[in-house]
file model-v2.txt (compact mmCIF, C-alpha atoms (C1' of nucleotides))
# COMPACT_ATOMS: atom_id res chain seq x y z
CA MET A 1161 13.87 -11.11 33.73
CA ALA A 1162 12.17 -10.88 37.08
CA PRO A 1163 10.36 -14.17 37.52
CA SER A 1164 6.60 -14.09 37.86
CA GLY A 1165 5.15 -14.80 41.26
CA LEU A 1166 4.50 -18.39 40.31
CA GLN A 1167 7.99 -18.99 39.08
CA ALA A 1168 9.46 -17.51 42.23
CA ARG A 1169 7.27 -19.87 44.24
CA ILE A 1170 8.42 -22.82 42.18
CA LEU A 1171 12.02 -21.86 42.85
CA GLU A 1172 11.28 -21.60 46.54
CA PHE A 1173 9.56 -24.98 46.44
CA ILE A 1174 12.67 -26.58 45.00
CA SER A 1175 14.93 -24.84 47.52
CA GLU A 1176 12.69 -25.99 50.35
CA ARG A 1177 13.05 -29.59 49.31
CA LEU A 1178 16.80 -29.32 49.20
CA ARG A 1179 16.89 -27.49 52.51
CA ALA A 1180 14.91 -30.34 54.04
CA ARG A 1181 17.56 -32.71 52.71
CA SER A 1182 15.32 -34.59 50.39
CA ALA A 1183 15.25 -35.00 46.64
CA PRO A 1184 14.10 -32.04 44.58
CA PRO A 1185 10.65 -32.46 43.02
CA THR A 1186 9.88 -33.93 39.62
CA LEU A 1187 8.14 -31.79 37.06
CA ARG A 1188 4.89 -33.58 37.83
CA GLU A 1189 5.28 -32.95 41.53
CA ILE A 1190 5.73 -29.27 40.80
CA ALA A 1191 2.64 -29.33 38.63
CA ALA A 1192 0.60 -31.05 41.34
CA ARG A 1193 1.84 -28.68 44.01
CA PHE A 1194 0.75 -25.57 42.12
CA GLY A 1195 -2.33 -26.94 40.44
CA LEU A 1196 -0.80 -26.95 36.98
CA PRO A 1197 -2.59 -29.30 34.61
CA ALA A 1198 0.35 -31.06 33.00
CA ALA A 1199 4.01 -31.85 33.46
CA SER A 1200 4.83 -29.74 30.46
CA SER A 1201 3.44 -26.68 32.23
CA ALA A 1202 5.97 -27.19 35.00
CA ALA A 1203 8.61 -27.84 32.34
CA HIS A 1204 7.79 -24.52 30.77
CA HIS A 1205 8.29 -22.57 33.99
CA VAL A 1206 11.40 -24.49 34.85
CA ARG A 1207 12.85 -23.60 31.47
CA LYS A 1208 12.09 -19.95 32.11
CA LEU A 1209 13.84 -20.08 35.46
CA GLU A 1210 16.78 -21.73 33.80
CA GLU A 1211 16.93 -19.03 31.11
CA ALA A 1212 16.82 -16.41 33.82
CA GLY A 1213 19.87 -18.00 35.38
CA LEU A 1214 18.07 -18.77 38.62
CA LEU A 1215 18.04 -22.52 38.25
CA LYS A 1216 20.55 -25.12 37.19
CA ARG A 1217 19.53 -28.50 35.96
CA ARG A 1218 21.04 -31.70 34.71
CA ALA A 1219 19.26 -32.44 31.46
CA GLY A 1220 17.60 -35.78 31.14
CA VAL A 1221 18.15 -36.62 34.76
CA SER A 1222 15.21 -37.11 37.06
CA ARG A 1223 14.95 -34.55 39.85
CA GLY A 1224 17.95 -32.76 38.41
CA LEU A 1225 16.86 -29.36 39.67
CA ALA A 1226 18.82 -27.03 41.92
CA PRO A 1227 18.89 -23.29 42.55
CA ALA A 1228 21.72 -21.69 40.58
CA GLN A 1229 23.44 -20.03 43.47
CA ASP A 1230 23.48 -21.87 46.72
CA PRO A 1231 23.21 -19.26 49.46
CA PHE A 1232 24.49 -21.66 52.07
CA LEU A 1233 28.05 -22.17 50.99
CA LEU A 1234 29.94 -19.10 52.17
CA PRO A 1235 33.53 -18.38 51.15
CA ILE A 1236 36.05 -17.86 53.91
CA LEU A 1237 38.19 -14.82 53.20
CA GLY A 1238 41.47 -14.01 54.87
CA ARG A 1239 42.54 -10.58 55.92
CA ALA A 1240 45.24 -10.51 53.28
CA ALA A 1241 42.57 -10.62 50.64
CA ALA A 1242 41.74 -6.97 51.16
CA GLY A 1243 44.79 -5.60 49.42
CA SER A 1244 42.97 -4.14 46.49
CA GLY A 1245 40.30 -2.42 48.52
CA VAL A 1246 37.65 -4.97 47.82
CA ILE A 1247 37.54 -8.39 49.36
CA ALA A 1248 37.51 -10.64 46.36
CA GLN A 1249 35.85 -13.99 46.32
CA GLU A 1250 38.77 -15.38 44.40
CA ASP A 1251 40.97 -15.01 47.43
CA ALA A 1252 38.92 -17.37 49.54
CA GLU A 1253 40.93 -19.70 51.70
CA GLY A 1254 38.05 -22.13 51.52
CA SER A 1255 34.37 -22.22 52.16
CA LEU A 1256 32.00 -23.43 54.81
CA GLU A 1257 28.47 -24.67 54.51
CA VAL A 1258 26.27 -22.61 56.74
CA GLY A 1259 22.72 -23.72 57.43
CA GLY A 1260 19.62 -21.99 56.14
CA GLU A 1261 18.51 -19.69 58.92
CA LEU A 1262 22.10 -19.15 59.98
CA ALA A 1263 23.17 -17.92 56.58
CA ARG A 1264 20.52 -15.23 56.44
CA GLY A 1265 22.01 -11.92 55.49
CA ALA A 1266 25.58 -13.14 55.34
CA GLU A 1267 27.65 -13.04 52.17
CA TYR A 1268 31.03 -14.23 53.30
CA LEU A 1269 33.07 -15.25 56.30
CA LEU A 1270 36.17 -13.51 57.57
CA ARG A 1271 38.67 -15.18 59.85
CA ILE A 1272 39.68 -13.07 62.83
CA LYS A 1273 43.34 -12.42 63.45
CA GLY A 1274 44.53 -10.82 66.65
CA ASP A 1275 42.85 -10.04 69.92
CA SER A 1276 41.65 -6.50 69.39
CA MET A 1277 37.98 -7.40 69.86
CA VAL A 1278 38.14 -9.78 72.79
CA GLY A 1279 35.97 -7.40 74.81
CA ALA A 1280 33.14 -8.10 72.41
CA GLY A 1281 33.69 -11.83 72.63
CA ILE A 1282 35.42 -12.02 69.24
CA MET A 1283 38.52 -14.16 69.57
CA GLU A 1284 41.44 -15.00 67.35
CA GLY A 1285 40.49 -17.68 64.85
CA ASP A 1286 36.75 -17.01 65.01
CA LEU A 1287 34.84 -16.65 61.77
CA VAL A 1288 32.59 -13.64 61.49
CA GLN A 1289 29.73 -13.58 59.02
CA VAL A 1290 29.71 -10.41 56.98
CA ARG A 1291 27.13 -8.67 54.85
CA ARG A 1292 28.54 -6.25 52.30
CA GLN A 1293 27.39 -2.67 52.88
CA GLU A 1294 29.12 0.68 52.86
CA HIS A 1295 27.27 2.28 55.72
CA ALA A 1296 26.63 1.26 59.29
CA GLN A 1297 25.15 2.74 62.43
CA ASP A 1298 26.77 3.83 65.64
CA GLY A 1299 27.68 0.83 67.77
CA GLU A 1300 27.59 -1.78 65.07
CA ILE A 1301 30.54 -4.07 64.47
CA VAL A 1302 31.90 -3.62 60.98
CA VAL A 1303 34.58 -4.77 58.59
CA ALA A 1304 36.51 -1.72 57.44
CA LEU A 1305 39.41 -1.07 55.14
CA VAL A 1306 42.25 0.83 56.81
CA GLY A 1307 45.03 1.41 54.36
CA GLU A 1308 45.57 -1.96 52.77
CA GLU A 1309 44.16 -3.96 55.59
CA ALA A 1310 40.67 -5.13 56.45
CA VAL A 1311 39.90 -4.90 60.13
CA VAL A 1312 36.97 -5.79 62.34
CA LYS A 1313 36.07 -3.01 64.78
CA ARG A 1314 33.11 -1.35 66.44
CA LEU A 1315 31.93 1.76 64.64
CA ARG A 1316 31.37 4.90 66.69
CA ARG A 1317 29.76 7.96 65.22
CA GLY A 1318 30.28 11.06 67.33
CA ALA A 1319 30.42 14.81 66.96
CA GLY A 1320 34.01 14.58 65.82
CA GLY A 1321 33.20 12.17 63.03
CA ALA A 1322 33.25 8.41 62.83
CA GLU A 1323 35.91 6.24 64.36
CA LEU A 1324 36.72 2.57 64.74
CA ARG A 1325 37.22 1.27 68.23
CA SER A 1326 38.78 -1.94 69.36
CA GLU A 1327 37.31 -3.74 72.31
CA ASN A 1328 40.66 -4.10 73.98
CA PRO A 1329 42.30 -1.29 75.94
CA ALA A 1330 45.66 -2.18 74.41
CA TYR A 1331 44.57 -0.80 71.04
CA ALA A 1332 43.93 2.84 70.17
CA PRO A 1333 40.88 3.98 68.21
CA ILE A 1334 41.28 4.56 64.49
CA SER A 1335 39.90 7.90 63.49
CA GLY A 1336 41.73 8.52 60.25
CA GLU A 1337 40.73 7.48 56.78
CA PHE A 1338 38.81 4.26 56.45
CA ARG A 1339 36.09 2.71 54.38
CA ILE A 1340 33.35 0.40 55.57
CA LEU A 1341 33.23 -2.86 53.64
CA GLY A 1342 30.49 -4.65 55.51
CA LYS A 1343 28.67 -5.33 58.71
CA VAL A 1344 29.25 -8.27 61.01
CA VAL A 1345 25.98 -10.18 61.33
CA GLY A 1346 27.12 -13.30 63.09
CA LEU A 1347 29.97 -15.31 64.51
CA ILE A 1348 31.03 -18.93 64.27
CA ARG A 1349 33.64 -20.61 66.41
CA ARG A 1350 34.93 -24.18 66.51
CA TYR A 1351 36.69 -25.63 69.50
CA GLY A 1352 39.59 -27.77 68.44
CA GLY A 1353 39.35 -31.48 68.77
CA MET B 932 23.65 -54.42 62.93
CA ALA B 933 26.95 -52.81 62.13
CA PRO B 934 26.89 -52.15 58.41
CA SER B 935 29.58 -53.68 56.29
CA GLY B 936 32.23 -51.36 54.92
CA LEU B 937 30.47 -51.19 51.59
CA GLN B 938 27.15 -50.32 53.11
CA ALA B 939 28.70 -47.59 55.21
CA ARG B 940 30.26 -46.18 52.06
CA ILE B 941 26.92 -46.25 50.29
CA LEU B 942 25.35 -44.34 53.15
CA GLU B 943 28.13 -41.78 53.00
CA PHE B 944 27.67 -41.49 49.25
CA ILE B 945 24.02 -40.62 49.72
CA SER B 946 24.79 -38.13 52.47
CA GLU B 947 27.41 -36.50 50.30
CA ARG B 948 24.93 -35.90 47.55
CA LEU B 949 22.49 -34.31 49.95
CA ARG B 950 25.20 -32.25 51.54
CA ALA B 951 26.08 -30.91 48.11
CA ARG B 952 22.45 -29.92 47.71
CA SER B 953 21.70 -32.18 44.84
CA ALA B 954 19.39 -35.12 44.38
CA PRO B 955 20.33 -38.38 46.07
CA PRO B 956 21.52 -41.12 43.70
CA THR B 957 19.38 -43.73 42.00
CA LEU B 958 19.99 -47.37 42.69
CA ARG B 959 21.80 -47.68 39.38
CA GLU B 960 23.99 -44.70 40.18
CA ILE B 961 24.95 -46.38 43.43
CA ALA B 962 25.71 -49.59 41.57
CA ALA B 963 27.87 -47.75 39.04
CA ARG B 964 29.71 -45.84 41.75
CA PHE B 965 30.73 -48.98 43.61
CA GLY B 966 31.15 -51.34 40.71
CA LEU B 967 28.10 -53.42 41.51
CA PRO B 968 26.84 -55.39 38.55
CA ALA B 969 23.12 -54.63 38.75
CA ALA B 970 20.59 -52.24 40.22
CA SER B 971 19.25 -55.01 42.37
CA SER B 972 22.60 -55.30 44.10
CA ALA B 973 22.32 -51.70 45.18
CA ALA B 974 18.70 -52.36 46.12
CA HIS B 975 19.84 -55.18 48.35
CA HIS B 976 22.30 -53.03 50.27
CA VAL B 977 19.85 -50.20 50.53
CA ARG B 978 17.30 -52.56 52.03
CA LYS B 979 19.87 -53.67 54.58
CA LEU B 980 20.61 -50.09 55.54
CA GLU B 981 16.91 -49.47 55.88
CA GLU B 982 16.46 -52.51 58.11
CA ALA B 983 19.35 -51.30 60.25
CA GLY B 984 17.50 -48.03 60.73
CA LEU B 985 20.24 -46.01 59.10
CA LEU B 986 18.34 -45.01 56.00
CA LYS B 987 14.84 -43.77 55.31
CA ARG B 988 13.27 -44.09 51.93
CA ARG B 989 10.07 -43.26 50.18
CA ALA B 990 9.00 -46.46 48.49
CA GLY B 991 8.44 -46.36 44.78
CA VAL B 992 9.80 -42.85 44.49
CA SER B 993 12.88 -42.21 42.44
CA ARG B 994 15.84 -40.94 44.41
CA GLY B 995 13.80 -41.33 47.57
CA LEU B 996 16.81 -42.01 49.76
CA ALA B 997 17.89 -40.08 52.84
CA PRO B 998 19.91 -40.85 55.97
CA ALA B 999 17.59 -41.69 58.85
CA GLN B 1000 18.77 -39.09 61.26
CA ASP B 1001 19.57 -35.69 59.87
CA PRO B 1002 22.58 -34.43 61.77
CA PHE B 1003 22.04 -30.89 60.58
CA LEU B 1004 18.93 -29.77 62.41
CA LEU B 1005 19.99 -29.22 66.00
CA PRO B 1006 17.54 -28.58 68.82
CA ILE B 1007 18.10 -25.46 70.91
CA LEU B 1008 17.83 -26.28 74.59
CA GLY B 1009 17.37 -23.77 77.37
CA ARG B 1010 19.06 -23.97 80.72
CA ALA B 1011 15.75 -24.67 82.44
CA ALA B 1012 15.57 -27.91 80.55
CA ALA B 1013 18.11 -29.51 82.84
CA GLY B 1014 15.82 -29.91 85.81
CA SER B 1015 15.67 -33.65 85.70
CA GLY B 1016 19.39 -34.13 85.36
CA VAL B 1017 19.34 -34.85 81.68
CA ILE B 1018 18.79 -32.28 79.03
CA ALA B 1019 15.77 -33.59 77.22
CA GLN B 1020 15.13 -32.99 73.60
CA GLU B 1021 11.48 -32.42 74.39
CA ASP B 1022 12.34 -29.19 76.14
CA ALA B 1023 13.79 -27.59 73.06
CA GLU B 1024 12.91 -23.96 72.59
CA GLY B 1025 13.30 -24.48 68.86
CA SER B 1026 15.86 -25.74 66.44
CA LEU B 1027 18.41 -24.38 64.05
CA GLU B 1028 19.71 -25.77 60.84
CA VAL B 1029 23.45 -25.99 61.03
CA GLY B 1030 25.49 -26.70 57.94
CA GLY B 1031 27.31 -29.92 57.22
CA GLU B 1032 30.86 -29.31 58.31
CA LEU B 1033 29.70 -27.01 61.05
CA ALA B 1034 27.45 -29.60 62.62
CA ARG B 1035 30.20 -32.15 62.93
CA GLY B 1036 30.26 -33.62 66.38
CA ALA B 1037 27.47 -31.50 67.77
CA GLU B 1038 24.24 -32.94 69.08
CA TYR B 1039 22.41 -29.92 70.40
CA LEU B 1040 22.66 -26.22 71.02
CA LEU B 1041 22.49 -24.50 74.39
CA ARG B 1042 21.69 -20.84 74.80
CA ILE B 1043 24.04 -19.02 77.13
CA LYS B 1044 22.60 -17.07 80.04
CA GLY B 1045 24.74 -14.74 82.10
CA ASP B 1046 28.24 -13.42 81.70
CA SER B 1047 30.30 -15.94 83.59
CA MET B 1048 32.32 -16.97 80.53
CA VAL B 1049 33.02 -13.60 78.90
CA GLY B 1050 36.73 -14.16 79.35
CA ALA B 1051 36.50 -17.04 76.91
CA GLY B 1052 34.51 -14.99 74.44
CA ILE B 1053 31.22 -16.65 75.34
CA MET B 1054 28.57 -13.96 75.72
CA GLU B 1055 25.00 -13.88 76.93
CA GLY B 1056 22.65 -15.06 74.19
CA ASP B 1057 25.28 -17.05 72.30
CA LEU B 1058 24.49 -20.58 71.25
CA VAL B 1059 27.08 -23.21 72.07
CA GLN B 1060 27.20 -26.49 70.20
CA VAL B 1061 27.40 -29.43 72.55
CA ARG B 1062 28.37 -33.05 72.16
CA ARG B 1063 27.04 -35.36 74.83
CA GLN B 1064 29.77 -37.04 76.84
CA GLU B 1065 30.37 -37.67 80.50
CA HIS B 1066 34.09 -37.12 80.59
CA ALA B 1067 36.30 -34.26 79.50
CA GLN B 1068 39.92 -33.25 79.74
CA ASP B 1069 41.56 -30.50 81.70
CA GLY B 1070 41.00 -27.13 80.07
CA GLU B 1071 38.02 -28.08 77.94
CA ILE B 1072 34.80 -26.11 78.10
CA VAL B 1073 31.95 -28.28 79.24
CA VAL B 1074 28.28 -28.31 80.04
CA ALA B 1075 27.84 -29.59 83.58
CA LEU B 1076 24.96 -30.21 85.90
CA VAL B 1077 25.29 -28.42 89.23
CA GLY B 1078 22.33 -29.17 91.43
CA GLU B 1079 19.37 -28.65 89.18
CA GLU B 1080 21.08 -26.32 86.82
CA ALA B 1081 23.12 -26.85 83.67
CA VAL B 1082 26.08 -24.51 83.43
CA VAL B 1083 28.83 -23.86 80.90
CA LYS B 1084 32.28 -23.69 82.51
CA ARG B 1085 35.89 -24.57 81.90
CA LEU B 1086 36.89 -27.86 83.47
CA ARG B 1087 40.06 -27.94 85.53
CA ARG B 1088 41.51 -31.17 86.77
CA GLY B 1089 44.05 -30.69 89.52
CA ALA B 1090 45.54 -32.54 92.42
CA GLY B 1091 42.59 -31.61 94.59
CA GLY B 1092 40.09 -33.04 92.13
CA ALA B 1093 38.12 -31.50 89.30
CA GLU B 1094 36.50 -28.11 89.42
CA LEU B 1095 34.51 -25.84 87.16
CA ARG B 1096 35.88 -22.38 86.57
CA SER B 1097 34.16 -19.33 85.19
CA GLU B 1098 36.09 -17.01 82.94
CA ASN B 1099 35.01 -13.98 84.89
CA PRO B 1100 36.67 -12.93 88.14
CA ALA B 1101 33.28 -12.08 89.62
CA TYR B 1102 32.40 -15.78 89.87
CA ALA B 1103 33.94 -18.34 92.20
CA PRO B 1104 35.01 -21.81 91.02
CA ILE B 1105 32.65 -24.68 91.62
CA SER B 1106 34.39 -27.57 93.26
CA GLY B 1107 31.52 -29.44 94.83
CA GLU B 1108 29.35 -32.08 93.30
CA PHE B 1109 28.72 -31.84 89.58
CA ARG B 1110 28.23 -34.06 86.59
CA ILE B 1111 29.49 -33.47 83.09
CA LEU B 1112 26.76 -33.57 80.49
CA GLY B 1113 28.73 -32.68 77.40
CA LYS B 1114 31.57 -30.83 75.79
CA VAL B 1115 31.31 -27.52 73.97
CA VAL B 1116 32.54 -28.01 70.42
CA GLY B 1117 31.49 -24.75 68.82
CA LEU B 1118 29.78 -21.43 69.19
CA ILE B 1119 27.27 -19.53 67.11
CA ARG B 1120 26.31 -15.90 67.56
CA ARG B 1121 23.89 -13.67 65.71
CA TYR B 1122 24.09 -9.92 65.83
CA GLY B 1123 20.63 -8.38 66.11
CA GLY B 1124 19.10 -6.64 63.15
C1' DT C 1383 -11.13 -7.08 14.05
C1' DT C 1384 -6.83 -8.68 12.77
C1' DG C 1385 -2.31 -10.22 13.26
C1' DA C 1386 1.78 -11.25 15.92
C1' DC C 1387 3.80 -12.86 19.70
C1' DA C 1388 4.36 -15.00 24.06
C1' DA C 1389 2.41 -17.95 27.65
C1' DC C 1390 0.61 -22.08 28.57
C1' DT C 1391 -1.52 -26.97 27.84
C1' DG C 1392 -2.38 -31.95 26.06
C1' DT C 1393 -0.61 -35.96 24.40
C1' DA C 1394 2.52 -39.29 23.11
C1' DC C 1395 6.79 -41.53 23.71
C1' DA C 1396 11.48 -43.06 24.85
C1' DA C 1397 14.44 -43.39 28.58
C1' DA C 1398 15.17 -43.87 33.41
C1' DT C 1399 13.92 -46.08 37.59
C1' DG C 1400 12.20 -49.05 41.47
C1' DT C 1401 10.76 -53.75 42.27
C1' DA C 1402 9.70 -58.71 42.12
C1' DC C 1403 11.55 -63.02 41.80
C1' DA C 1404 14.18 -66.77 40.54
C1' DG C 1405 18.68 -67.96 40.59
C1' DT C 1406 23.76 -68.53 42.11
C1' DA C 1407 27.58 -68.39 45.37
C1' DA C 1408 29.51 -68.63 49.87
C1' DG C 1409 29.69 -69.68 54.50
C1' DC C 1410 28.27 -72.53 58.58
C1' DT C 1411 26.32 -76.39 61.25
C1' DT C 1412 25.48 -81.12 61.64
C1' DA D 1319 28.79 -84.46 52.31
C1' DA D 1320 24.23 -82.64 53.14
C1' DG D 1321 21.41 -79.16 54.43
C1' DC D 1322 20.51 -74.66 55.78
C1' DT D 1323 20.98 -69.72 55.86
C1' DT D 1324 22.61 -65.49 54.18
C1' DA D 1325 24.61 -62.56 50.68
C1' DC D 1326 24.44 -61.22 46.27
C1' DT D 1327 23.17 -61.20 41.03
C1' DG D 1328 20.38 -61.30 36.45
C1' DT D 1329 16.40 -60.40 34.16
C1' DA D 1330 11.99 -58.83 33.19
C1' DC D 1331 8.52 -55.53 33.88
C1' DA D 1332 5.34 -51.81 35.43
C1' DT D 1333 5.74 -47.20 36.64
C1' DT D 1334 7.78 -42.84 36.76
C1' DT D 1335 9.90 -39.18 34.49
C1' DG D 1336 11.85 -35.84 31.12
C1' DT D 1337 11.00 -34.20 26.49
C1' DA D 1338 9.19 -33.04 21.92
C1' DC D 1339 5.72 -30.92 19.50
C1' DA D 1340 1.45 -29.46 18.00
C1' DG D 1341 -2.34 -27.08 19.79
C1' DT D 1342 -4.78 -23.48 22.61
C1' DT D 1343 -5.29 -19.28 25.10
C1' DG D 1344 -4.19 -14.65 26.26
C1' DT D 1345 -2.22 -9.97 25.43
C1' DC D 1346 -1.06 -6.13 22.96
C1' DA D 1347 -0.70 -2.99 19.01
C1' DA D 1348 -2.51 -1.09 14.95
call {"tool": "encode", "arguments": {"input": "model-v2.txt", "output": "structure tokens"}}
result
Amino acid sequence: MAPSGLQARILEFISERLRARSAPPTLREIAARFGLPAASSAAHHVRKLEEAGLLKRRAGVSRGLAPAQDPFLLPILGRAAAGSGVIAQEDAEGSLEVGGELARGAEYLLRIKGDSMVGAGIMEGDLVQVRRQEHAQDGEIVVALVGEEAVVKRLRRGAGGAELRSENPAYAPISGEFRILGKVVGLIRRYGG
Amino acid sequence: MAPSGLQARILEFISERLRARSAPPTLREIAARFGLPAASSAAHHVRKLEEAGLLKRRAGVSRGLAPAQDPFLLPILGRAAAGSGVIAQEDAEGSLEVGGELARGAEYLLRIKGDSMVGAGIMEGDLVQVRRQEHAQDGEIVVALVGEEAVVKRLRRGAGGAELRSENPAYAPISGEFRILGKVVGLIRRYGG
DNA sequence: TTGACAACTGTACAAATGTACAGTAAGCTT
DNA sequence: AAGCTTACTGTACATTTGTACAGTTGTCAA
């Protein structure tokens, strides 16, 4: 199921084209790019990628190639979506296209509610980019599940165990039971207007 | 020079396709979309758009259409770049691809130095998205030229004239001579790692 | 070696696609 | 009205492009 090196490069070639906002390559362009002798050779590899679920295509349409999952369209999840303990993609309040380099490492966006992290420059209404992971290091900003609620806090690991700290003196640290859902890898803010 | 309503819609149609990460339309697809009777009709409008400098195309290549200026790749300018009074694109320290919706209204990115705006959640190292304009309203965050230096401050218009305020009590307002270079429309932050 | 299977290639072809060019329609000036 | 310019359309055609299919090569097991 793992694509061969060549097929991975073909997939990357197609993604590159799309990222550069131009039309994806034709089969013959793929063949020329990788020194394949005929269009059907490219067709063969493209079919393999399609069978592996890595590539979508519109049959019969020229340049109808596109990576199956677009890593640039991130769902925006609301805090309420954490009720079940996992933040489900189905509960997205929408999605936002995030550019190539910017999207690196992020899996979803979470909209910030409240002012508990203003000391870290995270304001109400900001979108934080989150990568799903269950562990994090001391000092990192994480998304954690506290009871039924997902919160964004700074993780502190000390002798007395781990705790979640707000960056606002008005809020007390949370040292009880919690579970880390992900790590904050970036932040996006829009100024109204 | 101003494109007719139809031509503007054709341009938007092409952009939409690219934004959705799929291949731009063929001439016949454009014709079908807008009820034009023949491929040559679409070809005619495309040629007009090209002559107006709004569209680039690769001649003879299928689906070789793309908007002339890609609004998604924004240059990252450093503060030093403001020496001459204008922030020149040539002084970019790099560029960052910013997704469709996110890029709306922004023309370049400016990297924040210093902590004078921490009260507004703007931290050292953040990138602010800026739209060039010479006027701004009371309360908006702007990029302004003070002497030889470009700074990011909040604009306050009062009875005594306009002034630039930091969001950090350690810094005094700037009420002397300054010129507004642009308005901050967004903010992007990456957490290291 | 033999056979079986998958990976890959060559060729031919129908459909899709851009383009040239003559033509028509509509406005505008004189 | 006549003449001119511009906008748009119809048609034909060469090229590009996806696809089918038979053929070739390579790998692996027995």
call {"tool": "interface_residues", "arguments": {"input": "model-v2.txt", "of": "chain C", "to": "chain B", "cutoff": "10 Å", "atoms": "only C-alpha atoms (C1' of nucleotides)", "output": "PDB file with C-alpha atoms (C1' of nucleotides), keeping the file's coordinate frame"}}
result
ATOM      1  C1'  DA C1398      15.170 -43.870  33.410  1.00  0.00           C
ATOM      2  C1'  DT C1399      13.920 -46.080  37.590  1.00  0.00           C
ATOM      3  C1'  DG C1400      12.200 -49.050  41.470  1.00  0.00           C
ATOM      4  C1'  DT C1401      10.760 -53.750  42.270  1.00  0.00           C
TER       5       DT C1401
END
call {"tool": "calpha_fit_rmsd", "arguments": {"input": "model-v2.txt", "fixed": "chain A", "moving": "chain B"}}
result
0.8 Å
call {"tool": "atom_distance", "arguments": {"input": "model-v2.txt", "atom1": "atom C1' of DT1335 of chain D", "atom2": "atom CA of Arg1217 of chain A"}}
result
14.5 Å
call {"tool": "interface_residues", "arguments": {"input": "model-v2.txt", "of": "chain D", "to": "chain A", "cutoff": "10 Å", "atoms": "all atoms listed in the file", "output": "list in words"}}
result
DT1334, DT1335, DG1336 and DT1337 of chain D
call {"tool": "interface_residues", "arguments": {"input": "model-v2.txt", "of": "chain A", "to": "chain B", "cutoff": "6 Å", "atoms": "only C-alpha atoms", "output": "number ranges by chain"}}
result
A: 1178, 1181, 1183, 1257-1259, 1281, 1345-1351
call {"tool": "closest_residue", "arguments": {"input": "model-v2.txt", "among": "B:Ala939, B:Ile1111, B:Ala973, B:Ile1105", "to": "Ala1067 of chain B", "atoms": "only C-alpha atoms"}}
result
B:Ile1111
call {"tool": "residues_around", "arguments": {"input": "model-v2.txt", "residues": "segment 1340-1348 of chain D", "least_positions_apart": "2", "cutoff": "8 Å", "atoms": "all atoms listed in the file", "output": "ChimeraX atom specification"}}
result
/C:1389-1392
call {"tool": "residues_near_point", "arguments": {"input": "model-v2.txt", "point": "(9.9, -54.2, 37.3)", "cutoff": "9 Å", "atoms": "all atoms listed in the file", "output": "VMD selection string"}}
result
(chain C and resid 1400 to 1402) or (chain D and resid 1330 to 1333)
call {"tool": "build_atoms", "arguments": {"input": "model-v2.txt", "residues": "segment 1212-1224 of chain A", "atoms": "N, CA and C atoms", "output": "CSV table (one decimal), keeping the file's coordinate frame"}}
result
chain,number,residue,atom,x,y,z
A,1212,ALA,N,16.6,-17.6,33.0
A,1212,ALA,CA,16.8,-16.4,33.8
A,1212,ALA,C,18.1,-16.6,34.7
A,1213,GLY,N,18.7,-17.8,34.6
A,1213,GLY,CA,19.9,-18.0,35.4
A,1213,GLY,C,19.6,-18.3,36.8
A,1214,LEU,N,18.4,-18.6,37.2
A,1214,LEU,CA,18.1,-18.8,38.6
A,1214,LEU,C,18.1,-20.2,39.0
A,1215,LEU,N,18.1,-21.1,38.0
A,1215,LEU,CA,18.0,-22.5,38.2
A,1215,LEU,C,19.0,-23.3,37.4
A,1216,LYS,N,19.7,-24.2,38.0
A,1216,LYS,CA,20.6,-25.1,37.2
A,1216,LYS,C,19.8,-26.5,37.1
A,1217,ARG,N,20.1,-27.2,36.0
A,1217,ARG,CA,19.5,-28.5,36.0
A,1217,ARG,C,20.4,-29.4,35.1
A,1218,ARG,N,20.3,-30.7,35.5
A,1218,ARG,CA,21.0,-31.7,34.7
A,1218,ARG,C,20.0,-32.3,33.7
A,1219,ALA,N,20.2,-32.0,32.5
A,1219,ALA,CA,19.3,-32.4,31.5
A,1219,ALA,C,19.1,-33.9,31.4
A,1220,GLY,N,17.9,-34.4,31.3
A,1220,GLY,CA,17.6,-35.8,31.1
A,1220,GLY,C,17.6,-36.6,32.4
A,1221,VAL,N,18.0,-35.9,33.5
A,1221,VAL,CA,18.2,-36.6,34.8
A,1221,VAL,C,16.9,-36.3,35.6
A,1222,SER,N,16.4,-37.3,36.2
A,1222,SER,CA,15.2,-37.1,37.1
A,1222,SER,C,15.6,-36.3,38.3
A,1223,ARG,N,14.7,-35.4,38.7
A,1223,ARG,CA,15.0,-34.6,39.8
A,1223,ARG,C,16.3,-33.8,39.8
A,1224,GLY,N,16.7,-33.4,38.6
A,1224,GLY,CA,18.0,-32.8,38.4
A,1224,GLY,C,17.9,-31.3,38.6
